[in-house]
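Q: My structure is stored as model_27.txt, with compact mmCIF, N, CA and C atoms.
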```
# COMPACT_ATOMS: atom_id res chain seq x y z
N MET P 7 38.06 89.17 -9.97
CA MET P 7 37.17 90.23 -9.55
C MET P 7 36.20 90.61 -10.68
N LEU P 8 36.74 90.75 -11.89
CA LEU P 8 35.92 91.15 -13.03
C LEU P 8 34.76 90.18 -13.30
N PRO P 9 35.01 88.86 -13.33
CA PRO P 9 33.89 87.94 -13.58
C PRO P 9 32.78 88.06 -12.53
N MET P 10 33.16 88.29 -11.29
CA MET P 10 32.15 88.41 -10.23
C MET P 10 31.37 89.72 -10.38
N LEU P 11 32.07 90.82 -10.59
CA LEU P 11 31.39 92.13 -10.65
C LEU P 11 30.53 92.28 -11.91
N GLU P 12 31.09 91.94 -13.07
CA GLU P 12 30.32 92.10 -14.31
C GLU P 12 29.42 90.90 -14.59
N GLY P 13 29.89 89.72 -14.23
CA GLY P 13 29.12 88.52 -14.50
C GLY P 13 28.03 88.27 -13.49
N GLU P 14 28.43 87.84 -12.31
CA GLU P 14 27.45 87.44 -11.31
C GLU P 14 26.66 88.60 -10.72
N GLN P 15 27.32 89.74 -10.47
CA GLN P 15 26.60 90.86 -9.86
C GLN P 15 25.98 91.80 -10.89
N GLY P 16 26.39 91.69 -12.14
CA GLY P 16 25.75 92.45 -13.21
C GLY P 16 26.12 93.92 -13.33
N TRP P 17 27.25 94.33 -12.76
CA TRP P 17 27.69 95.71 -12.88
C TRP P 17 28.42 95.90 -14.20
N ARG P 18 28.45 97.11 -14.69
CA ARG P 18 29.22 97.46 -15.89
C ARG P 18 30.42 98.27 -15.42
N LEU P 19 31.61 97.73 -15.62
CA LEU P 19 32.83 98.40 -15.20
C LEU P 19 33.44 99.16 -16.37
N CYS P 20 34.19 100.18 -16.06
CA CYS P 20 34.96 100.90 -17.07
C CYS P 20 36.41 100.43 -16.93
N LEU P 21 36.90 99.78 -17.97
CA LEU P 21 38.27 99.28 -17.97
C LEU P 21 39.04 100.00 -19.07
N HIS P 22 40.21 100.54 -18.72
CA HIS P 22 40.95 101.38 -19.67
C HIS P 22 41.24 100.66 -20.98
N HIS P 23 41.63 99.40 -20.93
CA HIS P 23 41.99 98.69 -22.16
C HIS P 23 40.78 98.40 -23.04
N ARG P 24 39.60 98.45 -22.46
CA ARG P 24 38.39 98.15 -23.21
C ARG P 24 37.55 99.40 -23.50
N ASP P 25 37.52 100.34 -22.56
CA ASP P 25 36.55 101.42 -22.64
C ASP P 25 37.11 102.81 -22.92
N PHE P 26 38.41 103.01 -22.78
CA PHE P 26 38.97 104.32 -23.06
C PHE P 26 38.98 104.56 -24.56
N GLN P 27 38.68 105.80 -24.94
CA GLN P 27 38.63 106.17 -26.35
C GLN P 27 40.04 106.34 -26.90
N PRO P 28 40.41 105.56 -27.91
CA PRO P 28 41.75 105.70 -28.50
C PRO P 28 41.98 107.11 -29.06
N GLY P 29 43.18 107.63 -28.84
CA GLY P 29 43.53 108.94 -29.37
C GLY P 29 43.15 110.09 -28.45
N LYS P 30 42.31 109.85 -27.48
CA LYS P 30 41.89 110.88 -26.53
C LYS P 30 42.93 110.96 -25.41
N PRO P 31 43.26 112.15 -24.93
CA PRO P 31 44.22 112.25 -23.82
C PRO P 31 43.79 111.39 -22.63
N ILE P 32 44.76 110.73 -22.02
CA ILE P 32 44.46 109.80 -20.93
C ILE P 32 43.71 110.49 -19.80
N MET P 33 44.13 111.70 -19.42
CA MET P 33 43.43 112.39 -18.31
C MET P 33 41.98 112.69 -18.68
N ASP P 34 41.70 112.98 -19.94
CA ASP P 34 40.31 113.19 -20.36
C ASP P 34 39.52 111.90 -20.24
N ASN P 35 40.12 110.78 -20.64
CA ASN P 35 39.46 109.48 -20.48
C ASN P 35 39.18 109.18 -19.01
N ILE P 36 40.17 109.44 -18.15
CA ILE P 36 40.02 109.18 -16.71
C ILE P 36 38.90 110.06 -16.15
N THR P 37 38.94 111.34 -16.47
CA THR P 37 37.93 112.28 -15.97
C THR P 37 36.53 111.89 -16.44
N ASP P 38 36.40 111.59 -17.73
CA ASP P 38 35.10 111.19 -18.27
C ASP P 38 34.59 109.91 -17.60
N ALA P 39 35.50 108.96 -17.36
CA ALA P 39 35.10 107.70 -16.73
C ALA P 39 34.63 107.92 -15.30
N ILE P 40 35.36 108.74 -14.55
CA ILE P 40 35.00 108.97 -13.14
C ILE P 40 33.69 109.75 -13.04
N TYR P 41 33.55 110.81 -13.81
CA TYR P 41 32.33 111.62 -13.74
C TYR P 41 31.14 110.97 -14.45
N GLY P 42 31.42 110.02 -15.34
CA GLY P 42 30.34 109.33 -16.03
C GLY P 42 29.86 108.07 -15.33
N SER P 43 30.49 107.75 -14.22
CA SER P 43 30.14 106.55 -13.47
C SER P 43 29.35 106.91 -12.22
N ARG P 44 28.52 106.00 -11.81
CA ARG P 44 27.78 106.18 -10.57
C ARG P 44 28.72 106.06 -9.37
N LYS P 45 29.64 105.11 -9.44
CA LYS P 45 30.63 104.87 -8.39
C LYS P 45 31.98 104.62 -9.05
N THR P 46 33.06 104.87 -8.31
CA THR P 46 34.41 104.56 -8.75
C THR P 46 35.03 103.62 -7.73
N ILE P 47 35.44 102.44 -8.19
CA ILE P 47 36.18 101.53 -7.33
C ILE P 47 37.65 101.73 -7.63
N CYS P 48 38.39 102.14 -6.65
CA CYS P 48 39.82 102.34 -6.81
C CYS P 48 40.51 101.12 -6.20
N VAL P 49 41.09 100.27 -7.05
CA VAL P 49 41.76 99.05 -6.61
C VAL P 49 43.22 99.40 -6.37
N ILE P 50 43.63 99.33 -5.11
CA ILE P 50 44.94 99.85 -4.70
C ILE P 50 45.90 98.71 -4.36
N SER P 51 47.08 98.78 -4.96
CA SER P 51 48.18 97.86 -4.67
C SER P 51 49.47 98.68 -4.64
N ARG P 52 50.55 98.07 -4.22
CA ARG P 52 51.85 98.77 -4.26
C ARG P 52 52.20 99.16 -5.71
N HIS P 53 51.93 98.25 -6.63
CA HIS P 53 52.20 98.52 -8.05
C HIS P 53 51.39 99.73 -8.53
N TYR P 54 50.12 99.78 -8.16
CA TYR P 54 49.28 100.91 -8.55
C TYR P 54 49.83 102.21 -7.97
N LEU P 55 50.26 102.19 -6.71
CA LEU P 55 50.79 103.40 -6.08
C LEU P 55 52.04 103.91 -6.79
N GLN P 56 52.75 103.01 -7.45
CA GLN P 56 53.97 103.40 -8.16
C GLN P 56 53.70 103.87 -9.59
N SER P 57 52.47 103.69 -10.05
CA SER P 57 52.16 104.08 -11.43
C SER P 57 52.06 105.60 -11.54
N GLU P 58 52.34 106.11 -12.73
CA GLU P 58 52.31 107.55 -12.94
C GLU P 58 50.90 108.12 -12.88
N TRP P 59 49.88 107.27 -13.03
CA TRP P 59 48.50 107.76 -13.09
C TRP P 59 47.79 107.70 -11.74
N CYS P 60 48.38 107.02 -10.77
CA CYS P 60 47.73 106.84 -9.48
C CYS P 60 47.30 108.16 -8.86
N SER P 61 48.21 109.09 -8.73
CA SER P 61 47.88 110.38 -8.10
C SER P 61 46.76 111.09 -8.84
N ASN P 62 46.83 111.08 -10.16
CA ASN P 62 45.80 111.75 -10.96
C ASN P 62 44.43 111.11 -10.77
N GLU P 63 44.39 109.79 -10.77
CA GLU P 63 43.12 109.09 -10.61
C GLU P 63 42.52 109.33 -9.23
N ILE P 64 43.33 109.20 -8.20
CA ILE P 64 42.85 109.42 -6.84
C ILE P 64 42.41 110.87 -6.67
N GLN P 65 43.19 111.80 -7.21
CA GLN P 65 42.85 113.21 -7.11
C GLN P 65 41.51 113.50 -7.79
N MET P 66 41.31 112.99 -8.98
CA MET P 66 40.07 113.23 -9.71
C MET P 66 38.87 112.61 -8.98
N ALA P 67 39.02 111.39 -8.50
CA ALA P 67 37.93 110.73 -7.77
C ALA P 67 37.64 111.48 -6.47
N SER P 68 38.68 111.97 -5.81
CA SER P 68 38.48 112.74 -4.58
C SER P 68 37.80 114.06 -4.85
N PHE P 69 38.19 114.73 -5.94
CA PHE P 69 37.53 115.99 -6.32
C PHE P 69 36.03 115.77 -6.47
N ARG P 70 35.67 114.69 -7.16
CA ARG P 70 34.25 114.43 -7.35
C ARG P 70 33.57 114.16 -6.02
N LEU P 71 34.22 113.38 -5.17
CA LEU P 71 33.68 113.06 -3.85
C LEU P 71 33.42 114.32 -3.05
N PHE P 72 34.40 115.21 -3.00
CA PHE P 72 34.28 116.44 -2.21
C PHE P 72 33.39 117.47 -2.90
N ASP P 73 33.52 117.59 -4.21
CA ASP P 73 32.78 118.59 -4.97
C ASP P 73 31.28 118.31 -4.97
N GLU P 74 30.90 117.09 -5.26
CA GLU P 74 29.49 116.74 -5.36
C GLU P 74 28.89 116.29 -4.03
N LYS P 75 29.76 116.09 -3.04
CA LYS P 75 29.32 115.61 -1.73
C LYS P 75 28.46 114.35 -1.87
N LYS P 76 28.95 113.45 -2.73
CA LYS P 76 28.28 112.18 -2.96
C LYS P 76 29.24 111.05 -2.64
N ASP P 77 28.70 109.98 -2.14
CA ASP P 77 29.49 108.81 -1.78
C ASP P 77 29.78 108.00 -3.04
N VAL P 78 30.76 108.44 -3.81
CA VAL P 78 31.01 107.86 -5.12
C VAL P 78 32.33 107.07 -5.21
N LEU P 79 33.10 107.05 -4.13
CA LEU P 79 34.42 106.42 -4.17
C LEU P 79 34.49 105.24 -3.21
N ILE P 80 34.91 104.09 -3.76
CA ILE P 80 35.10 102.88 -2.97
C ILE P 80 36.57 102.51 -3.07
N LEU P 81 37.25 102.43 -1.94
CA LEU P 81 38.65 102.02 -1.92
C LEU P 81 38.73 100.53 -1.64
N LEU P 82 39.45 99.81 -2.48
CA LEU P 82 39.63 98.37 -2.31
C LEU P 82 41.13 98.08 -2.36
N PHE P 83 41.67 97.63 -1.25
CA PHE P 83 43.09 97.34 -1.15
C PHE P 83 43.35 95.87 -1.51
N LEU P 84 44.19 95.63 -2.52
CA LEU P 84 44.53 94.27 -2.93
C LEU P 84 45.47 93.60 -1.95
N GLU P 85 46.23 94.40 -1.23
CA GLU P 85 47.23 93.86 -0.31
C GLU P 85 47.38 94.80 0.87
N GLU P 86 48.02 94.31 1.90
CA GLU P 86 48.31 95.14 3.07
C GLU P 86 49.34 96.19 2.65
N ILE P 87 49.02 97.45 2.89
CA ILE P 87 49.94 98.52 2.50
C ILE P 87 50.21 99.37 3.74
N PRO P 88 51.47 99.41 4.17
CA PRO P 88 51.82 100.21 5.34
C PRO P 88 51.48 101.69 5.11
N SER P 89 51.14 102.37 6.18
CA SER P 89 50.71 103.77 6.06
C SER P 89 51.78 104.66 5.44
N TYR P 90 53.06 104.34 5.66
CA TYR P 90 54.10 105.20 5.07
C TYR P 90 54.10 105.14 3.54
N TYR P 91 53.58 104.06 2.95
CA TYR P 91 53.44 104.00 1.49
C TYR P 91 52.43 105.02 1.00
N LEU P 92 51.47 105.35 1.87
CA LEU P 92 50.42 106.28 1.48
C LEU P 92 50.81 107.74 1.73
N SER P 93 51.94 107.98 2.34
CA SER P 93 52.36 109.34 2.68
C SER P 93 52.30 110.32 1.51
N PRO P 94 52.77 109.96 0.31
CA PRO P 94 52.71 110.91 -0.80
C PRO P 94 51.29 111.16 -1.32
N TYR P 95 50.36 110.35 -0.90
CA TYR P 95 48.99 110.43 -1.41
C TYR P 95 48.07 110.98 -0.32
N TYR P 96 48.17 112.28 -0.09
CA TYR P 96 47.47 112.93 1.01
C TYR P 96 45.97 112.63 1.00
N ARG P 97 45.33 112.78 -0.14
CA ARG P 97 43.88 112.57 -0.21
C ARG P 97 43.50 111.13 0.12
N MET P 98 44.26 110.18 -0.39
CA MET P 98 43.96 108.79 -0.11
C MET P 98 44.17 108.50 1.38
N ARG P 99 45.26 108.99 1.93
CA ARG P 99 45.55 108.78 3.35
C ARG P 99 44.42 109.34 4.20
N LYS P 100 43.93 110.50 3.84
CA LYS P 100 42.82 111.14 4.57
C LYS P 100 41.55 110.29 4.46
N LEU P 101 41.27 109.78 3.28
CA LEU P 101 40.10 108.94 3.09
C LEU P 101 40.20 107.65 3.90
N VAL P 102 41.38 107.02 3.91
CA VAL P 102 41.57 105.77 4.63
C VAL P 102 41.38 105.97 6.12
N LYS P 103 41.76 107.14 6.62
CA LYS P 103 41.60 107.41 8.06
C LYS P 103 40.14 107.65 8.45
N LYS P 104 39.33 108.16 7.52
CA LYS P 104 37.97 108.56 7.85
C LYS P 104 36.88 107.62 7.36
N ARG P 105 37.21 106.77 6.40
CA ARG P 105 36.17 105.96 5.77
C ARG P 105 36.53 104.48 5.79
N THR P 106 35.52 103.67 5.77
CA THR P 106 35.72 102.23 5.69
C THR P 106 36.16 101.87 4.27
N TYR P 107 37.08 100.95 4.16
CA TYR P 107 37.53 100.49 2.85
C TYR P 107 37.46 98.97 2.81
N LEU P 108 37.55 98.41 1.62
CA LEU P 108 37.48 96.97 1.43
C LEU P 108 38.88 96.39 1.29
N SER P 109 39.04 95.15 1.74
CA SER P 109 40.33 94.48 1.67
C SER P 109 40.19 93.15 0.94
N TRP P 110 40.95 92.99 -0.14
CA TRP P 110 40.94 91.76 -0.91
C TRP P 110 41.47 90.59 -0.06
N LEU P 111 42.39 90.88 0.88
CA LEU P 111 42.92 89.84 1.75
C LEU P 111 41.81 89.21 2.59
N GLN P 112 40.85 90.02 2.99
CA GLN P 112 39.73 89.49 3.77
C GLN P 112 38.81 88.63 2.90
N ALA P 113 38.84 88.84 1.60
CA ALA P 113 38.01 88.05 0.69
C ALA P 113 38.40 86.58 0.75
N ALA P 114 39.70 86.31 0.90
CA ALA P 114 40.16 84.92 0.96
C ALA P 114 39.62 84.23 2.20
N GLN P 115 39.51 84.96 3.29
CA GLN P 115 39.04 84.38 4.55
C GLN P 115 37.52 84.29 4.60
N HIS P 116 36.85 85.29 4.07
CA HIS P 116 35.39 85.36 4.14
C HIS P 116 34.83 85.86 2.80
N PRO P 117 34.90 85.05 1.75
CA PRO P 117 34.50 85.54 0.43
C PRO P 117 33.05 86.01 0.36
N GLY P 118 32.15 85.31 1.00
CA GLY P 118 30.74 85.70 0.97
C GLY P 118 30.52 87.08 1.57
N VAL P 119 31.16 87.33 2.70
CA VAL P 119 31.03 88.63 3.37
C VAL P 119 31.66 89.72 2.52
N PHE P 120 32.83 89.43 1.93
CA PHE P 120 33.51 90.41 1.10
C PHE P 120 32.61 90.84 -0.06
N TRP P 121 32.08 89.87 -0.82
CA TRP P 121 31.27 90.22 -1.99
C TRP P 121 29.96 90.88 -1.59
N GLN P 122 29.44 90.52 -0.44
CA GLN P 122 28.24 91.20 0.06
C GLN P 122 28.56 92.66 0.36
N ASN P 123 29.72 92.92 0.95
CA ASN P 123 30.13 94.30 1.25
C ASN P 123 30.39 95.11 -0.02
N VAL P 124 30.97 94.47 -1.04
CA VAL P 124 31.18 95.15 -2.31
C VAL P 124 29.83 95.54 -2.91
N LYS P 125 28.92 94.61 -2.93
CA LYS P 125 27.59 94.86 -3.50
C LYS P 125 26.88 95.96 -2.73
N ARG P 126 26.98 95.91 -1.41
CA ARG P 126 26.35 96.95 -0.57
C ARG P 126 26.96 98.31 -0.84
N ALA P 127 28.28 98.38 -0.99
CA ALA P 127 28.95 99.66 -1.28
C ALA P 127 28.51 100.21 -2.64
N LEU P 128 28.37 99.33 -3.62
CA LEU P 128 27.96 99.78 -4.95
C LEU P 128 26.50 100.21 -4.99
N GLN P 129 25.68 99.60 -4.16
CA GLN P 129 24.25 99.93 -4.14
C GLN P 129 23.92 101.09 -3.22
N ALA P 130 24.86 101.49 -2.36
CA ALA P 130 24.60 102.53 -1.37
C ALA P 130 24.17 103.82 -2.05
N GLU P 131 23.31 104.55 -1.38
CA GLU P 131 22.89 105.86 -1.87
C GLU P 131 24.10 106.76 -1.98
N ASP P 132 24.00 107.74 -2.85
CA ASP P 132 25.14 108.62 -3.11
C ASP P 132 25.35 109.70 -2.05
N ALA P 133 24.34 110.04 -1.28
CA ALA P 133 24.47 111.14 -0.31
C ALA P 133 25.47 110.76 0.78
N LEU P 134 26.38 111.65 1.07
CA LEU P 134 27.33 111.44 2.14
C LEU P 134 26.63 111.64 3.48
N THR P 135 27.00 110.82 4.44
CA THR P 135 26.40 110.93 5.77
C THR P 135 27.39 111.49 6.78
N GLU P 136 28.57 111.87 6.34
CA GLU P 136 29.58 112.39 7.24
C GLU P 136 30.39 113.47 6.52
N ASN P 137 31.09 114.25 7.32
CA ASN P 137 32.00 115.25 6.75
C ASN P 137 33.30 114.57 6.39
N ILE P 138 33.83 114.89 5.24
CA ILE P 138 35.11 114.31 4.81
C ILE P 138 36.15 115.39 4.79
```
I'd like the structure from this file rewritten - as structure tokens, please.

A:
Amino acid sequence: MLPMLEGEQGWRLCLHHRDFQPGKPIMDNITDAIYGSRKTICVISRHYLQSEWCSNEIQMASFRLFDEKKDVLILLFLEEIPSYYLSPYYRMRKLVKKRTYLSWLQAAQHPGVFWQNVKRALQAEDALTENI
């Protein structure tokens, strides 16, 4: 994913191992990254859902989405995740029910369409067109 997004499509991603400021509290790094970015791609897997930072990251990205009323959050699911896995993540579950999200599984079947949709999501205007 990284070579395509940063290489071929020319986006600049914020990656914790590369871009987080050492010694700064993790939540401050997360907050600064989300609010300092034009868009946030949240790559979701079962492993991510089990991480201690998942709730904080989703919550912060959702706050920005609702607070600024800008289309700044892109959900990308790496794998099929049953809805009961999302039960503890109220905000994410709400977003998945109301908004279109991207699926990495579909990339294997239709890679051109997948990357076109990613590019379109990243280029989309920030104004929300619906109530969330």

Q: Need the shell around Trp17 in chain P: protein/DNA/RNA residues with any atom at most 10 Å away, counting only C-alpha atoms. Skip same-chain ones fewer than 5 positions apart. Format as a PyMOL selection string?

A: chain P and resi 8-12+125+128

Q: Any chance you can output those residues with N, CA and C atoms as a CSV table (one decimal), keeping the file's coordinate frame?

A:
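Result went into result09.csv, see below:
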```
chain,number,residue,atom,x,y,z
P,8,LEU,N,36.7,90.8,-11.9
P,8,LEU,CA,35.9,91.2,-13.0
P,8,LEU,C,34.8,90.2,-13.3
P,9,PRO,N,35.0,88.9,-13.3
P,9,PRO,CA,33.9,87.9,-13.6
P,9,PRO,C,32.8,88.1,-12.5
P,10,MET,N,33.2,88.3,-11.3
P,10,MET,CA,32.2,88.4,-10.2
P,10,MET,C,31.4,89.7,-10.4
P,11,LEU,N,32.1,90.8,-10.6
P,11,LEU,CA,31.4,92.1,-10.6
P,11,LEU,C,30.5,92.3,-11.9
P,12,GLU,N,31.1,91.9,-13.1
P,12,GLU,CA,30.3,92.1,-14.3
P,12,GLU,C,29.4,90.9,-14.6
P,125,LYS,N,28.9,94.6,-2.9
P,125,LYS,CA,27.6,94.9,-3.5
P,125,LYS,C,26.9,96.0,-2.7
P,128,LEU,N,28.4,99.3,-3.6
P,128,LEU,CA,28.0,99.8,-5.0
P,128,LEU,C,26.5,100.2,-5.0
```

Q: Hey, which of P:Val124, P:Leu108, P:Leu92, P:Leu81 ends up closest to Ile47 in chain P? Count all atoms listed in the file.

A: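 Comparing P:Val124, P:Leu108, P:Leu92, P:Leu81 against Ile47 in chain P, the winner is P:Leu81.
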
Q: So the first atom is CA of Phe72 in chain P and the second is CA of Lys104 in chain P; what is the distance between them in Å, to one decimal place?

A: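 Value for the CA of Phe72 in chain P-CA of Lys104 in chain P distance: 13.3 Å.
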
Q: Between P:Met66, P:Phe83, P:Lys100, P:Leu111, which one has atoms that come closest to Thr46 in chain P, using only C-alpha atoms?

A: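 Among P:Met66, P:Phe83, P:Lys100, P:Leu111, it is P:Met66 that comes nearest to Thr46 in chain P.
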
Q: Identify all residues of chain P in helix (DSSP H, G or I) (DSSP on the backbone) and supply them as a VMD selection string.

A: chain P and resid 8 to 14 22 to 25 32 to 41 52 to 56 60 to 74 89 to 92 96 to 104 110 to 115 117 to 129

Q: Hey, can you check how far atom C of Asp77 in chain P sits from atom C of Gly29 in chain P?

A: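 Value for the atom C of Asp77 in chain P-atom C of Gly29 in chain P distance: 28.8 Å.
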
Q: List every residue of chain P that DSSP, applied to the backbone, labels as strand (DSSP E), and write the result as an MDAnalysis selection string.

A: chainID P and resid 46:50 79:83 108:109
